[in-house]
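These notes are about the structure you will find just below.
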Amino acid sequence: MRNLYIHVPFCDGKCDYCAFYSEPSPDAAAIRRWLDRILFQLEESAPRLGNAETVYFGGGTPSLLPEDVLNRLFSAVRAAVPAAVEISIEANPFTVTPEKASVLASFANRVTLGIQSFAPALLEAVGRRAHAGPVPLEAVRNLREAGLRNLGLDLMYGLPGETPELWRRDLELALELAPEHISAYSVTPEPGTPFARRVAGRPEDDALSETMWEQAGTILGAAGLPRYEISNYARHGFESRHNSNVWHGQTYLGLGPAACSFDGTDRWTQAADLRAWLDGAPPEIDRIPRRARLGEILMMGLRTVRGWTKLEFEEETDCTWDDFSGPLNELAGRGLVTLTEDTVAPTERGLAFWNDVAEMLVFAP
Ligand code: SF4
């Protein structure tokens, strides 16, 4: 396994739009039980992780874990994944005290702060705890003072009532914090969430969403963080290695409830329920037919600006992309990808209309 993901399924409350698995307001006993099982699984998986190059702690809110729990988790990961060069952890600005920042930066070399928006009214409109002005600033200062060199900020756009002017303001405020990386996703009404129920029946404003996506590319690009994936922007050399590896078909092991794994052939997902996962519920296995798997790997790589070289695709899959020459030529004809003998990469239009690219690669005969 070349990448490790650990899901920390705990949050302080539940945002209205969130479809990730997490337990709001966990008690200390639940956190201890989760940690014990993760430590057990890490030890068990260590023989498969010796060459893994990235670790990603996602959630949920990993930074909600108490400092002693983080320290025990980090020592176990250090022992199981000795070759890791990129260790990322997601953090909520409310949790990043100087003490927490020092523990996070003692092991992770990349921290991403879930800011989402700097406008309290926009956060409240999607049921997310609104941080007052100084909270993100203090979190960033604490992380930098702890020695962190690779800081990411996560933002959302398309929030109810948000205008292009408000989105521009959020982008500018984010840049004032001098991050190395920004992720910017449009808020989506995920089925089953309170937010989806609230907006049910209202038409989505695709034109506004496209305008905001273009704004992000222009403003962040001009500030030295060009887009390198549909929703991700970074200074040169600070692109997320974990996500880039996963988008390019590499194997990954996911530990924790709801975590996904991929071994190059099959995908499996752990039970999305803490109790069931603690009781050892078997994962759900998705055996993906060969052609569908290759189509998925090809389309995921086309989320990135660099796309694929023929050689890289062959190395990751042990197959050529010859089976897909029909759909690739058609996508090139429609101006969605640039295709040469040895490379394929999305055009700007191909990134904006990636769903069309994906559909053609996965469903083409
Ligand atoms: S903090 Fe993140 S993971 Fe937790 S409920 Fe909110 S969106 Fe979901």
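Each chain of the structure tokens is named A, B, ... in the order shown, its residues numbered from 1; ligands are numbered from 1 in display order.
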
Please report as a Markdown table every residue of chain A lying within 6 Å of ligand 1, along with the nearest atom pair and their distance in Å (one decimal), using only C-alpha atoms and all ligand atoms.
```
| residue | atom | partner | partner_atom_place_in_ligand_line | distance |
| --- | --- | --- | --- | --- |
| A:Cys11 | CA | ligand 1 | 4 (Fe) | 4.7 |
| A:Lys14 | CA | ligand 1 | 5 (S) | 3.8 |
| A:Cys15 | CA | ligand 1 | 6 (Fe) | 4.2 |
| A:Cys18 | CA | ligand 1 | 8 (Fe) | 4.4 |
| A:Phe20 | CA | ligand 1 | 8 (Fe) | 5.6 |
| A:Gly59 | CA | ligand 1 | 3 (S) | 5.3 |
| A:Gly60 | CA | ligand 1 | 3 (S) | 3.7 |
| A:Thr61 | CA | ligand 1 | 4 (Fe) | 5.8 |
```

Would you save the residues of that selection, restricted to N, CA and C atoms, as a PDB file, in the first residue's frame?
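Here's the written file result.pdb:
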```
ATOM      1  N   CYS A  11     -16.538  14.944  15.745  1.00  0.00           N
ATOM      2  CA  CYS A  11     -16.665  16.381  15.489  1.00  0.00           C
ATOM      3  C   CYS A  11     -17.318  17.044  16.686  1.00  0.00           C
ATOM      4  N   LYS A  14     -22.521  18.961  14.257  1.00  0.00           N
ATOM      5  CA  LYS A  14     -22.674  18.439  12.892  1.00  0.00           C
ATOM      6  C   LYS A  14     -23.128  19.570  11.971  1.00  0.00           C
ATOM      7  N   CYS A  15     -22.369  19.839  10.933  1.00  0.00           N
ATOM      8  CA  CYS A  15     -22.743  20.897   9.976  1.00  0.00           C
ATOM      9  C   CYS A  15     -23.902  20.384   9.110  1.00  0.00           C
ATOM     10  N   CYS A  18     -23.110  18.319   5.857  1.00  0.00           N
ATOM     11  CA  CYS A  18     -22.062  17.304   5.918  1.00  0.00           C
ATOM     12  C   CYS A  18     -22.585  15.895   5.709  1.00  0.00           C
ATOM     13  N   PHE A  20     -20.136  13.373   5.517  1.00  0.00           N
ATOM     14  CA  PHE A  20     -19.064  12.488   5.998  1.00  0.00           C
ATOM     15  C   PHE A  20     -19.535  11.795   7.274  1.00  0.00           C
ATOM     16  N   GLY A  59     -11.328  13.533   8.432  1.00  0.00           N
ATOM     17  CA  GLY A  59     -12.453  13.280   9.326  1.00  0.00           C
ATOM     18  C   GLY A  59     -13.763  13.758   8.757  1.00  0.00           C
ATOM     19  N   GLY A  60     -14.632  14.029   9.723  1.00  0.00           N
ATOM     20  CA  GLY A  60     -14.402  14.298  11.125  1.00  0.00           C
ATOM     21  C   GLY A  60     -13.426  15.471  11.350  1.00  0.00           C
ATOM     22  N   THR A  61     -12.987  15.547  12.581  1.00  0.00           N
ATOM     23  CA  THR A  61     -12.078  16.615  12.976  1.00  0.00           C
ATOM     24  C   THR A  61     -10.903  16.012  13.742  1.00  0.00           C
TER      25      THR A  61
END
```

Residues of range 291-359 of chain A within 8 Å of range 212-229 of chain A: nearest atom pair and distance (Å, one decimal) for each, counting only C-alpha atoms, sorted by chain and number, as a tab-separated table?
```
residue	atom	partner	partner_atom	distance
A:Arg303	CA	A:Glu229	CA	5.6
A:Thr304	CA	A:Glu229	CA	4.1
A:Val305	CA	A:Tyr228	CA	5.1
A:Arg306	CA	A:Tyr228	CA	7.3
```

Point to revise | Interatomic distance (Å, one decimal) between CA of Leu73 in chain A and CA of Leu39 in chain A | key: 7.0 Å

Exercise for review: For range 40-52 of chain A, please output as a PyMOL selection string all residues within 12 Å (counting only C-alpha atoms; exclusion window: fewer than 6 positions along the same chain).
Suggested key: chain A and resi 1-6+33-34+72-87+241-242+245+250-256+263+277-278+280

Kindly export the residues of the current selection with N, CA and C atoms, as a short mmCIF file (atom, residue, chain, number, x, y, z; two decimals), in the first residue's frame.
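result.cif was written with the following content:
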```
data_model
loop_
_atom_site.label_atom_id
_atom_site.label_comp_id
_atom_site.auth_asym_id
_atom_site.auth_seq_id
_atom_site.Cartn_x
_atom_site.Cartn_y
_atom_site.Cartn_z
N MET A 1 0.85 -1.19 0.00
CA MET A 1 0.00 0.00 0.00
C MET A 1 0.89 1.24 0.00
N ARG A 2 0.61 2.14 -0.90
CA ARG A 2 1.54 3.27 -1.05
C ARG A 2 1.09 4.53 -0.32
N ASN A 3 -0.14 4.51 0.21
CA ASN A 3 -0.66 5.68 0.93
C ASN A 3 -1.56 5.17 2.05
N LEU A 4 -1.54 5.91 3.17
CA LEU A 4 -2.37 5.51 4.31
C LEU A 4 -3.33 6.65 4.65
N TYR A 5 -4.60 6.29 4.86
CA TYR A 5 -5.60 7.27 5.30
C TYR A 5 -6.16 6.79 6.65
N ILE A 6 -6.27 7.70 7.60
CA ILE A 6 -6.88 7.35 8.89
C ILE A 6 -8.07 8.27 9.13
N ARG A 33 -11.66 3.92 22.73
CA ARG A 33 -11.94 2.64 22.04
C ARG A 33 -11.53 2.75 20.58
N TRP A 34 -11.81 3.90 19.97
CA TRP A 34 -11.40 4.11 18.57
C TRP A 34 -9.88 4.01 18.46
N ARG A 72 0.01 9.33 21.05
CA ARG A 72 0.05 7.86 20.93
C ARG A 72 -0.20 7.44 19.49
N LEU A 73 -1.14 8.12 18.84
CA LEU A 73 -1.45 7.81 17.45
C LEU A 73 -0.22 8.07 16.56
N PHE A 74 0.40 9.22 16.76
CA PHE A 74 1.55 9.59 15.93
C PHE A 74 2.71 8.61 16.12
N SER A 75 2.97 8.17 17.37
CA SER A 75 4.09 7.22 17.56
C SER A 75 3.81 5.93 16.82
N ALA A 76 2.55 5.47 16.87
CA ALA A 76 2.22 4.21 16.20
C ALA A 76 2.36 4.36 14.68
N VAL A 77 1.93 5.50 14.14
CA VAL A 77 2.03 5.69 12.69
C VAL A 77 3.51 5.81 12.29
N ARG A 78 4.28 6.49 13.12
CA ARG A 78 5.72 6.64 12.83
C ARG A 78 6.37 5.26 12.71
N ALA A 79 5.99 4.34 13.60
CA ALA A 79 6.59 3.01 13.58
C ALA A 79 6.10 2.19 12.37
N ALA A 80 4.81 2.38 12.00
CA ALA A 80 4.24 1.55 10.93
C ALA A 80 4.57 2.07 9.54
N VAL A 81 4.80 3.38 9.43
CA VAL A 81 5.00 3.99 8.09
C VAL A 81 6.33 4.77 8.10
N PRO A 82 7.43 4.06 8.18
CA PRO A 82 8.71 4.76 8.38
C PRO A 82 9.14 5.59 7.18
N ALA A 83 8.61 5.27 5.97
CA ALA A 83 9.11 5.96 4.77
C ALA A 83 8.26 7.17 4.39
N ALA A 84 7.26 7.53 5.21
CA ALA A 84 6.34 8.61 4.81
C ALA A 84 7.08 9.93 4.64
N VAL A 85 6.83 10.60 3.52
CA VAL A 85 7.46 11.91 3.30
C VAL A 85 6.45 13.04 3.45
N GLU A 86 5.16 12.71 3.34
CA GLU A 86 4.13 13.75 3.52
C GLU A 86 3.12 13.23 4.54
N ILE A 87 2.94 13.98 5.62
CA ILE A 87 1.96 13.60 6.65
C ILE A 87 1.01 14.78 6.83
N ARG A 241 0.50 15.66 -2.08
CA ARG A 241 1.05 14.43 -2.68
C ARG A 241 0.08 13.27 -2.47
N HIS A 242 -0.53 13.22 -1.29
CA HIS A 242 -1.48 12.13 -1.00
C HIS A 242 -2.61 12.12 -2.03
N ASN A 245 -1.50 11.29 -5.57
CA ASN A 245 -1.25 9.85 -5.73
C ASN A 245 -2.57 9.09 -5.92
N GLN A 250 -2.94 5.27 -7.47
CA GLN A 250 -2.10 4.51 -6.54
C GLN A 250 -2.94 3.81 -5.47
N THR A 251 -2.35 2.79 -4.87
CA THR A 251 -3.04 2.05 -3.82
C THR A 251 -3.06 2.85 -2.52
N TYR A 252 -4.11 2.63 -1.72
CA TYR A 252 -4.18 3.27 -0.41
C TYR A 252 -4.93 2.37 0.56
N LEU A 253 -4.51 2.44 1.81
CA LEU A 253 -5.17 1.70 2.87
C LEU A 253 -5.90 2.69 3.75
N GLY A 254 -7.20 2.48 3.98
CA GLY A 254 -7.98 3.37 4.83
C GLY A 254 -8.33 2.67 6.14
N LEU A 255 -7.99 3.27 7.25
CA LEU A 255 -8.33 2.72 8.57
C LEU A 255 -9.32 3.63 9.25
N GLY A 256 -10.27 3.04 9.99
CA GLY A 256 -11.27 3.84 10.70
C GLY A 256 -12.62 3.66 10.05
N ASP A 263 -6.60 -1.62 -3.52
CA ASP A 263 -5.33 -2.35 -3.62
C ASP A 263 -4.86 -2.51 -5.07
N TRP A 277 -18.04 -0.83 13.57
CA TRP A 277 -16.62 -0.91 13.22
C TRP A 277 -15.80 -1.45 14.40
N LEU A 278 -16.12 -0.97 15.62
CA LEU A 278 -15.42 -1.45 16.81
C LEU A 278 -15.68 -2.94 17.02
N GLY A 280 -15.94 -5.06 14.76
CA GLY A 280 -15.28 -5.86 13.72
C GLY A 280 -16.17 -6.18 12.53
#
```

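Taking only C-alpha atoms, the non-local environment of Ala184 in chain A within 10 Å (same-chain residues fewer than 3 positions away omitted) comprises Gln116, Leu153, Asp154, Leu155, Met156, Tyr157, Leu171, Val187, Met212, Trp213, Ala216, Gly217, Ile230, Ser231, Asn232 and Tyr233 of chain A.
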
Exercise for review: Apply DSSP to the structure's backbone, then extract all residues of range 99-213 of chain A labelled helix (DSSP H, G or I) and return them as JSON, numbers by chain.
Suggested key: {"A": [99, 100, 101, 102, 103, 104, 105, 106, 107, 120, 121, 122, 123, 124, 125, 134, 135, 136, 137, 138, 139, 140, 141, 142, 143, 144, 145, 164, 165, 166, 167, 168, 169, 170, 171, 172, 173, 174, 175, 176, 194, 195, 196, 197, 198, 199, 206, 207, 208, 209, 210, 211, 212, 213]}

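Using only C-alpha atoms for every distance, the candidate list A:Thr211, A:Ser325, A:Thr269, A:Asn150 yields A:Asn150 as the residue closest to Glu180 in chain A.
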
Check your understanding: Which value, in Å to one decimal, gives the distance between CA of Thr347 in chain A and CA of Gly335 in chain A?
Key -> 7.0 Å

Residue neighbourhood Gly13 in chain A, 9 Å, only C-alpha atoms, exclusion window fewer than 4 positions, as a PDB file with N, CA and C atoms, in the first residue's frame:
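around_20.pdb, written as the output of this step:
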```pdb
ATOM      1  N   GLU A  23     -19.209  11.368  14.499  1.00  0.00           N
ATOM      2  CA  GLU A  23     -20.032  11.367  15.709  1.00  0.00           C
ATOM      3  C   GLU A  23     -19.922  12.744  16.354  1.00  0.00           C
ATOM      4  N   PRO A  24     -21.044  13.461  16.506  1.00  0.00           N
ATOM      5  CA  PRO A  24     -20.962  14.753  17.182  1.00  0.00           C
ATOM      6  C   PRO A  24     -20.805  14.551  18.692  1.00  0.00           C
ATOM      7  N   SER A  25     -20.033  15.399  19.326  1.00  0.00           N
ATOM      8  CA  SER A  25     -19.825  15.368  20.782  1.00  0.00           C
ATOM      9  C   SER A  25     -19.459  13.984  21.324  1.00  0.00           C
ATOM     10  N   ARG A 128     -22.941  25.729  10.284  1.00  0.00           N
ATOM     11  CA  ARG A 128     -21.575  25.482  10.759  1.00  0.00           C
ATOM     12  C   ARG A 128     -21.226  26.512  11.814  1.00  0.00           C
ATOM     13  N   ARG A 129     -20.546  26.063  12.889  1.00  0.00           N
ATOM     14  CA  ARG A 129     -20.179  26.977  13.963  1.00  0.00           C
ATOM     15  C   ARG A 129     -19.337  28.106  13.368  1.00  0.00           C
TER      16      ARG A 129
END
```

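The smallest atom-to-atom distance between Pro26 in chain A and any of A:Leu274, A:Leu336, A:Thr188, A:Asn329, using only C-alpha atoms, is found for A:Leu274.
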
**Study point:** strand (DSSP E) call set, DSSP backbone run, range 141-342 of chain A, as a PyMOL selection string
**Key:** chain A and resi 151-157+181-186+227-229+232-234+253-255+260-262+266-269+284-287+308-309+337-339

Save out the residues we just selected, C-alpha atoms, as an mmCIF file, in the first residue's frame.
```cif
data_model
loop_
_atom_site.group_PDB
_atom_site.id
_atom_site.type_symbol
_atom_site.label_atom_id
_atom_site.label_comp_id
_atom_site.auth_asym_id
_atom_site.auth_seq_id
_atom_site.Cartn_x
_atom_site.Cartn_y
_atom_site.Cartn_z
ATOM 1 C CA LEU A 151 -0.341 25.233 5.602
ATOM 2 C CA GLY A 152 -3.546 24.527 3.677
ATOM 3 C CA LEU A 153 -6.899 26.307 3.973
ATOM 4 C CA ASP A 154 -10.202 24.688 3.012
ATOM 5 C CA LEU A 155 -12.890 27.008 1.653
ATOM 6 C CA MET A 156 -16.434 26.579 0.360
ATOM 7 C CA TYR A 157 -18.371 28.669 -2.123
ATOM 8 C CA HIS A 181 -2.367 25.448 -0.443
ATOM 9 C CA ILE A 182 -6.084 26.197 -0.828
ATOM 10 C CA SER A 183 -8.950 23.800 -1.519
ATOM 11 C CA ALA A 184 -12.180 25.440 -2.658
ATOM 12 C CA TYR A 185 -15.263 23.285 -3.137
ATOM 13 C CA SER A 186 -18.769 24.392 -3.980
ATOM 14 C CA ARG A 227 -5.037 25.524 -9.922
ATOM 15 C CA TYR A 228 -3.550 22.016 -10.156
ATOM 16 C CA GLU A 229 -6.801 20.071 -9.746
ATOM 17 C CA ASN A 232 -7.209 22.644 -5.512
ATOM 18 C CA TYR A 233 -4.606 25.414 -5.750
ATOM 19 C CA ALA A 234 -1.021 25.485 -4.481
ATOM 20 C CA LEU A 253 -5.174 1.697 2.866
ATOM 21 C CA GLY A 254 -7.979 3.374 4.832
ATOM 22 C CA LEU A 255 -8.331 2.718 8.565
ATOM 23 C CA CYS A 260 -12.033 3.381 1.836
ATOM 24 C CA SER A 261 -9.112 1.297 0.567
ATOM 25 C CA PHE A 262 -7.914 0.346 -2.916
ATOM 26 C CA ASP A 266 -10.631 -4.031 -5.503
ATOM 27 C CA ARG A 267 -12.017 -1.228 -3.373
ATOM 28 C CA TRP A 268 -13.467 -1.781 0.105
ATOM 29 C CA THR A 269 -15.171 0.482 2.622
ATOM 30 C CA GLU A 284 -18.137 -3.746 1.990
ATOM 31 C CA ILE A 285 -16.098 -4.998 -0.957
ATOM 32 C CA ASP A 286 -16.483 -3.515 -4.426
ATOM 33 C CA ARG A 287 -14.937 -5.789 -7.064
ATOM 34 C CA TRP A 308 -1.444 11.559 -17.568
ATOM 35 C CA THR A 309 1.605 10.479 -19.475
ATOM 36 C CA VAL A 337 -8.821 17.209 -23.395
ATOM 37 C CA THR A 338 -5.533 17.743 -25.201
ATOM 38 C CA LEU A 339 -4.323 14.441 -26.575
#
```

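What separates CA of Ile297 in chain A from CA of Gly249 in chain A is a distance of 5.2 Å.
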
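Residues surrounding Asp323 in chain A within 12 Å are Arg290, Arg291, Ala292, Leu294, Gly295, Leu298, Cys319, Pro327, Leu328, Asn329, Leu361, Val362, Ala364 and Pro365 of chain A [only C-alpha atoms; sequence separation below 4 positions excluded].
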
Output file for the selection above: N, CA and C atoms, as a CSV table (one decimal), in the first residue's frame:
```csv
chain,number,residue,atom,x,y,z
A,290,ARG,N,-12.5,-5.0,-14.8
A,290,ARG,CA,-11.2,-4.4,-15.3
A,290,ARG,C,-11.4,-3.1,-16.1
A,291,ARG,N,-12.3,-3.1,-17.0
A,291,ARG,CA,-12.5,-2.0,-17.9
A,291,ARG,C,-13.0,-0.7,-17.1
A,292,ALA,N,-14.0,-1.0,-16.2
A,292,ALA,CA,-14.5,0.1,-15.4
A,292,ALA,C,-13.4,0.7,-14.5
A,294,LEU,N,-10.1,0.7,-15.0
A,294,LEU,CA,-9.2,1.5,-15.8
A,294,LEU,C,-9.8,2.8,-16.2
A,295,GLY,N,-11.1,2.8,-16.6
A,295,GLY,CA,-11.8,4.1,-16.9
A,295,GLY,C,-11.9,5.0,-15.7
A,298,LEU,N,-8.4,6.4,-15.2
A,298,LEU,CA,-8.1,7.4,-16.2
A,298,LEU,C,-8.8,8.8,-15.9
A,319,CYS,N,-1.5,-1.6,-17.8
A,319,CYS,CA,-2.3,-1.7,-19.0
A,319,CYS,C,-2.1,-0.4,-19.8
A,327,PRO,N,-13.1,7.1,-27.0
A,327,PRO,CA,-13.6,8.2,-26.2
A,327,PRO,C,-12.6,9.3,-26.0
A,328,LEU,N,-11.3,9.0,-25.9
A,328,LEU,CA,-10.3,10.1,-25.7
A,328,LEU,C,-10.3,11.0,-27.0
A,329,ASN,N,-10.3,10.3,-28.2
A,329,ASN,CA,-10.3,11.1,-29.4
A,329,ASN,C,-11.6,12.0,-29.5
A,361,LEU,N,-15.7,8.4,-20.2
A,361,LEU,CA,-14.7,7.3,-20.0
A,361,LEU,C,-15.3,6.1,-19.3
A,362,VAL,N,-16.2,6.4,-18.4
A,362,VAL,CA,-16.8,5.2,-17.6
A,362,VAL,C,-17.8,4.5,-18.4
A,364,ALA,N,-18.4,4.7,-21.8
A,364,ALA,CA,-18.2,4.5,-23.3
A,364,ALA,C,-18.1,3.0,-23.5
A,365,PRO,N,-18.7,2.5,-24.6
A,365,PRO,CA,-18.6,1.0,-24.9
A,365,PRO,C,-17.1,0.6,-25.1
```

Which residues, written as an mmCIF file with C-alpha atoms, in the first residue's frame, have at least one atom at most 7 Å from range 133-140 of chain A, with only C-alpha atoms counted and residues fewer than 4 positions away on the same chain left out?
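For reference, around13.cif as written:
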```
data_model
loop_
_atom_site.group_PDB
_atom_site.id
_atom_site.type_symbol
_atom_site.label_atom_id
_atom_site.label_comp_id
_atom_site.auth_asym_id
_atom_site.auth_seq_id
_atom_site.Cartn_x
_atom_site.Cartn_y
_atom_site.Cartn_z
ATOM 1 C CA PRO A 93 -9.385 26.510 13.726
ATOM 2 C CA PHE A 94 -11.234 26.395 17.088
ATOM 3 C CA VAL A 96 -5.636 24.852 17.376
ATOM 4 C CA THR A 97 -4.311 26.203 20.682
ATOM 5 C CA ARG A 144 3.534 28.802 12.152
#
```
